[in-house]
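Working notes for the structure below.
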Amino acid sequence: MRTSEEKWDVLQRFIKWREKHIKDKQFILILSLLVGVFTALAAYVLKFLVEYIKEFLTDRFDPMGANWLYLVYPVVGIFITGLFIRKVVRDDISHGVTKILYAISRKQSHIKRHNMWSSVCASAITIGFGGSVGAEAPIVLTGSAIGSNLGSLFRLDHKTLMLLVGCGAAGAVSGIFKAPIAGLVFTLEVLMIDLTMASLLPLLITSVTAASVSYLLTGTEAMFQFHLDYPFSLERIPYAIGLGIFCGLVAWYFTRAMNWIENIFRRYPNPYVKFVIGGAMLSVLIFLFPPLYGEGYDTITLLLNGTKESEWDTVMNNSLFYGDTHLLIPYLLLIILFKVFASSATNGGGGCGGIFAPSLFLGCIAGFVFSYVCNECDLATTYIPEKNFALMGMAGLMSGVMHAPLTGVFLIAELTGGYALFLPLMIVSVCAYLTIIVFEPHSIYSMRLAKKGELITHHKDKAVLTLMNIESIVENDFLKVRPDMDLGEMVKVISQSKRNLFPVVDVNDELIGIVKLDDIRNIIFRQELYHRYWVEGFMEKPKARIVKTDSMEEVMKKFDTTGAWNLPVVDEANRYLGFVSKSKMLNTYRQVLVDLSAE
């Protein structure tokens with residue numbers, strides 16, 4: 001059996017051989033192929049585990065009444081998941097897509113190794129036992145971790161790692177949904193990987209490979225079966241616009257409510273307190289509304305294929321409302337209202353999952369309710385097909401929540417084979433996106449990073465500033481002086497310095513001013529004045545202070561507003577750390593821009 005040293009030596013020899021015989025561009029294509037295979041396999045394992053656990057636990061449930069085990073299973077699931085994360089993983093694995101965005105913008109695209117398996121295990125337990133979240137965000141984090149660690153293994157540079165992280169995400173979406181175009185578009189829209197000739201081919205290879213492996217493992221059928229009974233007509237365009245606006249408002253509610261509930265959970269540092277609150281909320285909601293159990297894909301399949309009241313009413317199976325056909329719409333409206341509470345309680349209580357599936361689930365119900373109400377209340381001048389609008393609602397809500405209209409369009413088209421509804425899908429997606437950006441400028445994934453100035457975007461200027469950091473441009477070779485020093489002592493310091501700027505600090509090293517050599521040049525050679533002037537008298541206050549926690553965009557604004565060429569850097573307690581010069585910042589900016597834009 002080989003020792004770790006022998007394995008390391010073999011790897012080093014392979015890396016040297018590869019550098020000599022395989023060009024970087026060709027090697028990246030090989031790695032993108034491998035990433036596609038591995039992410040598709042991970043997606044298959046996750047979906048298998050979720051379905052197996054769910055079938056094992058709920059197969060014998062009576063559809064004609066309430067099932068009390070709905071009060072137990074979700075609590076057990078998030079409890080086991082919480083223990084697994086705290087005792088085995090010992091790291092936070094929630095908010096998978098946000099972690100990827102953070103890794104791209106602030107961590108040089110390095111994602112921890114355990115993310116290649118920890119999210120799969122945790123989310124399988126959570127969702128299988130009824131956690132009201134989706135498996136897609138965890139598998140996206142898994143895929144990105146596979147790409148990142150595969151690139152790190154072969155010592156590839158930061159830019160290539162970023163591309164492989166994008167490949168992993170694209171492969172994950174393609175593999176779990178059998179949607180290669182959606183996988184590619186998701187990476188461009190949500191992760192904001194720039195589309196260049198250097199990135200397009202690896203992303204395509206990963207997406208196609210992952211989808212092909214999924215086809216081999218699960219067949220070529222679309223994830224959701226959908227048959228188009230009513231082709232789209234022009235007179236339905238106003239109602240498609242109305243659905244888009246409705247989906248945008250629901251997405252706004254979902255985003256705001258989720259942030260509000262998550263902030264409540266953050267108030268409690270004790271994980272067991274979170275578990276009690278989240279478990280109680282989740283179990284009660286699932287008991288009352290069984291469609292909230294797990295991903296909710298059974299409900300989506302039902303609404304996409306049902307054509308009459310008797311079929312739609314089965315959505316209330318397994319619940320206290322079984323048989324009350326007149327309660328269908330109030331029941332579905334309550335699900336729209338409480339789904340965000342169930343999803344937030346799942347993650348807040350210790351579970352692990354994402355919002356892909358909740359977005360699809362809510363969108364499908366929102367589209368169905370919109371069309372059903374229009375038909376029943378005679379609000380439409382033509383028939384509004386419920387199944388068509390349920391499909392379009394999925395695209396609309398995903399576009400609104402993720403701020404990704406193209407992803408919504410292509411994902412729903414590929415998920416269902418509903419390409420004949422491409423135009424209305426686009427209308428609903430665009431209208432939903434335009435509606436939510438009035439209230440929320442950032443998606444649910446990126447708003448946390450955007451508030452901290454850590455979000456990388458397609459805006460080249462902002463992207464470059466995000467990739468820069470203050471630590472890399474701070475200069476600390478300036479000699480400090482005290483306010484009680486006289487001019488003679490100041491001259492001695494000047495003779496030892498190579499700079500023409502001197503920070504003035506007190507006994508606690510707090511910055512109280514600066515001295516510019518040009519301001520005292522006319523008196524430093526007059527010895528008779530050496531004991532008549534003190535630093536406190538000729539120092540000046542800096543035009544602005546840069547705090548080390550400031551974003552680079554804020555730093556740039558301070559230079560622009562003050563017109564200064566050098567600004568002091570302090571910590572939160574105003575202790576002096578160094579200076580930032582505009583020239584060094586601009587040189588660094590130029591280099592990062594060149595690296596970012598290079599093909």
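Chain identifiers are assigned as A, B, and so on, following the order in which chains appear in the structure tokens; residues are numbered from 1 within each chain, and ligands are numbered from 1 in order of appearance.
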field: Close residues, A:Ala380 itself excluded, 10 Å, only C-alpha atoms, min 2 positions apart in chain, as a list of chain:residue names
entry: A:Glu235, A:Arg236, A:Pro238, A:Tyr239, A:Ser371, A:Val373, A:Cys374, A:Asn375, A:Glu376, A:Cys377, A:Asp378, A:Thr382, A:Tyr383, A:Ile384
query: Please, which residues of stretch 384-597 of chain A, numbered as in this document, come out strand (DSSP E or B) from DSSP, as an NGL selection string?
result: :A and (475 or 481 or 486 or 501-505 or 510-516 or 534 or 540 or 546-547 or 566-570 or 575-581)
query: Got a sec: who's within 9 Å of A:Gly65, counting only C-alpha atoms, leaving out chain neighbours fewer than 4 positions off, as a list in words?
result: Phe61, Asn317, Asn318, Ser319, Leu320, Phe321 and Tyr322 of chain A
field: Shortest interatomic distance to A:Ala122 - which of A:Leu46, A:Leu333, A:Cys352, A:Ile524, counting only C-alpha atoms
entry: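 Closest to A:Ala122 of all the choices is A:Cys352.
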message: List the spatial neighbours of stretch 494-511 of chain A as JSON, numbers by chain - criterion: any atom at most 7 Å away, only C-alpha atoms, same-chain residues fewer than 3 positions off excluded.
response: {"A": [478, 479, 480, 481, 482, 483, 490, 491, 514, 515, 516, 517, 574, 575, 576]}
- request: Pull the alpha helix (DSSP H) assignments for stretch 146-180 of chain A out of DSSP run on the backbone, and list those residues as a PyMOL selection string.
  value: chain A and resi 146-153+158-177+180
Quick one: residues within 12 Å of stretch 28-32 of chain A, only C-alpha atoms counted, chain neighbours fewer than 4 positions away excluded, as an mmCIF file with C-alpha atoms, in the first residue's frame?
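As a result, selection_0.cif now contains:
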data_model
loop_
_atom_site.group_PDB
_atom_site.id
_atom_site.type_symbol
_atom_site.label_atom_id
_atom_site.label_comp_id
_atom_site.auth_asym_id
_atom_site.auth_seq_id
_atom_site.Cartn_x
_atom_site.Cartn_y
_atom_site.Cartn_z
ATOM 1 C CA ARG A 18 1.481 17.429 -17.808
ATOM 2 C CA ILE A 22 -0.343 19.023 -22.362
ATOM 3 C CA LYS A 23 -1.100 22.676 -22.937
ATOM 4 C CA ASP A 24 -3.107 24.556 -20.329
ATOM 5 C CA GLY A 36 -19.148 17.069 -15.592
ATOM 6 C CA VAL A 37 -18.922 13.341 -14.851
ATOM 7 C CA PHE A 38 -18.310 13.755 -11.118
ATOM 8 C CA THR A 39 -21.034 16.376 -10.598
ATOM 9 C CA GLY A 143 -20.152 20.637 -7.962
ATOM 10 C CA SER A 144 -18.278 23.887 -7.451
ATOM 11 C CA ILE A 146 -15.352 19.424 -7.029
ATOM 12 C CA GLY A 147 -14.181 21.899 -9.667
ATOM 13 C CA SER A 148 -12.246 24.023 -7.173
ATOM 14 C CA ASN A 149 -10.449 21.126 -5.514
ATOM 15 C CA LEU A 150 -9.702 19.389 -8.792
ATOM 16 C CA GLY A 151 -8.056 22.569 -10.033
ATOM 17 C CA SER A 152 -6.192 23.075 -6.752
ATOM 18 C CA LEU A 153 -4.889 19.515 -6.924
ATOM 19 C CA PHE A 154 -3.082 20.360 -10.145
ATOM 20 C CA LEU A 156 -3.894 25.823 -11.403
ATOM 21 C CA ASP A 157 -4.045 29.602 -11.074
ATOM 22 C CA LYS A 159 -8.468 32.506 -12.890
ATOM 23 C CA THR A 160 -8.664 28.852 -13.934
ATOM 24 C CA LEU A 161 -10.012 27.878 -10.526
ATOM 25 C CA MET A 162 -12.784 30.442 -10.963
ATOM 26 C CA LEU A 163 -13.677 28.872 -14.296
ATOM 27 C CA LEU A 164 -13.701 25.350 -12.808
ATOM 28 C CA VAL A 165 -15.937 26.558 -9.979
ATOM 29 C CA GLY A 166 -18.330 27.804 -12.661
ATOM 30 C CA CYS A 167 -18.031 24.491 -14.504
ATOM 31 C CA GLY A 168 -18.935 22.632 -11.318
ATOM 32 C CA ALA A 169 -22.030 24.760 -10.822
ATOM 33 C CA ALA A 170 -23.072 24.372 -14.464
ATOM 34 C CA GLY A 171 -22.553 20.619 -14.271
ATOM 35 C CA ALA A 198 -11.894 30.911 -23.009
ATOM 36 C CA SER A 199 -14.785 30.126 -20.657
ATOM 37 C CA LEU A 200 -17.546 29.137 -23.089
ATOM 38 C CA LEU A 201 -16.128 25.810 -24.269
ATOM 39 C CA PRO A 202 -15.280 24.375 -20.792
ATOM 40 C CA LEU A 203 -18.706 25.389 -19.482
ATOM 41 C CA LEU A 204 -20.403 23.754 -22.467
ATOM 42 C CA ILE A 205 -18.366 20.577 -22.117
ATOM 43 C CA THR A 206 -19.206 20.267 -18.423
ATOM 44 C CA SER A 207 -22.910 20.973 -18.971
ATOM 45 C CA VAL A 208 -23.297 18.532 -21.846
ATOM 46 C CA THR A 209 -21.257 15.840 -20.085
ATOM 47 C CA ALA A 210 -23.273 16.115 -16.872
#
Any chance you could tabulate, as a Markdown table, the residues of stretch 139-227 of chain A at most 10 Å from stretch 399-403 of chain A with each one's nearest atom pair and distance in Å to one decimal, using only C-alpha atoms, in chain and rising number order?
| residue | atom | partner | partner_atom | distance |
| --- | --- | --- | --- | --- |
| A:Phe186 | CA | A:Met402 | CA | 9.6 |
| A:Glu189 | CA | A:His403 | CA | 8.1 |
| A:Val190 | CA | A:Met402 | CA | 7.1 |
Atoms kept (all heavy atoms) for selection, written as a PDB file, in the first residue's frame:
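Output saved as part-v5.pdb:
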ATOM      1  N   PHE A 186     -27.206  29.582 -15.935  1.00  0.00           N
ATOM      2  CA  PHE A 186     -27.168  29.813 -14.489  1.00  0.00           C
ATOM      3  C   PHE A 186     -25.794  30.311 -14.049  1.00  0.00           C
ATOM      4  O   PHE A 186     -25.678  31.242 -13.250  1.00  0.00           O
ATOM      5  CB  PHE A 186     -27.511  28.514 -13.758  1.00  0.00           C
ATOM      6  CG  PHE A 186     -27.280  28.567 -12.271  1.00  0.00           C
ATOM      7  CD1 PHE A 186     -28.221  29.129 -11.429  1.00  0.00           C
ATOM      8  CD2 PHE A 186     -26.112  28.057 -11.720  1.00  0.00           C
ATOM      9  CE1 PHE A 186     -28.006  29.187 -10.058  1.00  0.00           C
ATOM     10  CE2 PHE A 186     -25.881  28.111 -10.355  1.00  0.00           C
ATOM     11  CZ  PHE A 186     -26.833  28.672  -9.521  1.00  0.00           C
ATOM     12  N   GLU A 189     -25.509  33.984 -15.261  1.00  0.00           N
ATOM     13  CA  GLU A 189     -26.429  34.955 -14.655  1.00  0.00           C
ATOM     14  C   GLU A 189     -26.273  35.059 -13.141  1.00  0.00           C
ATOM     15  O   GLU A 189     -26.237  36.157 -12.580  1.00  0.00           O
ATOM     16  CB  GLU A 189     -27.877  34.560 -14.960  1.00  0.00           C
ATOM     17  CG  GLU A 189     -28.420  35.157 -16.231  1.00  0.00           C
ATOM     18  CD  GLU A 189     -29.922  35.020 -16.318  1.00  0.00           C
ATOM     19  OE1 GLU A 189     -30.440  33.926 -16.040  1.00  0.00           O
ATOM     20  OE2 GLU A 189     -30.582  35.995 -16.668  1.00  0.00           O
ATOM     21  N   VAL A 190     -26.198  33.922 -12.466  1.00  0.00           N
ATOM     22  CA  VAL A 190     -26.218  33.920 -11.003  1.00  0.00           C
ATOM     23  C   VAL A 190     -24.810  34.008 -10.425  1.00  0.00           C
ATOM     24  O   VAL A 190     -24.532  34.824  -9.545  1.00  0.00           O
ATOM     25  CB  VAL A 190     -26.943  32.668 -10.471  1.00  0.00           C
ATOM     26  CG1 VAL A 190     -26.933  32.649  -8.944  1.00  0.00           C
ATOM     27  CG2 VAL A 190     -28.381  32.641 -10.989  1.00  0.00           C
TER      28      VAL A 190
END
- prompt: What lies within 12 Å of A:Leu228 using only C-alpha atoms, ignoring chain neighbours under 2 positions off, as a list in words?
  reply: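 Skipping anything fewer than 2 positions along the chain leaves Gln225, Phe226, Tyr230, Pro231, Phe232, Leu304, Asn305, Gly306, Thr307, Pro385, Glu386, Lys387, Asn388, Phe389, Leu391, Thr416, Gly417, Gly418, Tyr419, Ala420 and Leu421 of chain A.
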- prompt: So which residues touch A:Val273 within 12 Å, counting only C-alpha atoms, skipping near sequence neighbours fewer than 3 positions away, as a ChimeraX atom specification?
  reply: /A:79,82,264-270,276-280,348-350
Take the residues from that selection and write them out as a compact mmCIF listing (two decimals), in the first residue's frame, keeping C-alpha atoms.
# COMPACT_ATOMS: atom_id res chain seq x y z
CA PHE A 79 -31.96 17.14 14.35
CA GLY A 82 -27.69 19.49 12.81
CA ILE A 264 -34.82 36.00 13.95
CA PHE A 265 -32.88 32.71 14.01
CA ARG A 266 -29.58 34.61 14.14
CA ARG A 267 -30.59 36.13 17.47
CA TYR A 268 -30.22 32.72 19.12
CA PRO A 269 -26.61 31.45 19.18
CA ASN A 270 -27.59 28.18 20.87
CA VAL A 276 -36.73 23.73 18.93
CA ILE A 277 -38.10 26.82 17.18
CA GLY A 278 -37.45 25.55 13.65
CA GLY A 279 -38.59 22.00 14.37
CA ALA A 280 -41.86 23.08 15.96
CA GLY A 348 -32.74 27.87 10.61
CA GLY A 349 -33.46 24.80 12.74
CA GLY A 350 -30.33 23.00 11.59
- prompt: For A:Ile335, which residue out of A:Asn67, A:Thr220, A:Thr81, A:Ser132 is the nearest one, using only C-alpha atoms?
  reply: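 Checking each of A:Asn67, A:Thr220, A:Thr81, A:Ser132 against A:Ile335, counting only C-alpha atoms, the winner is A:Ser132.
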query: How many Å lie between atom CA of A:Trp17 and atom CA of A:Leu41, rounded to one decimal?
result: 28.7 Å
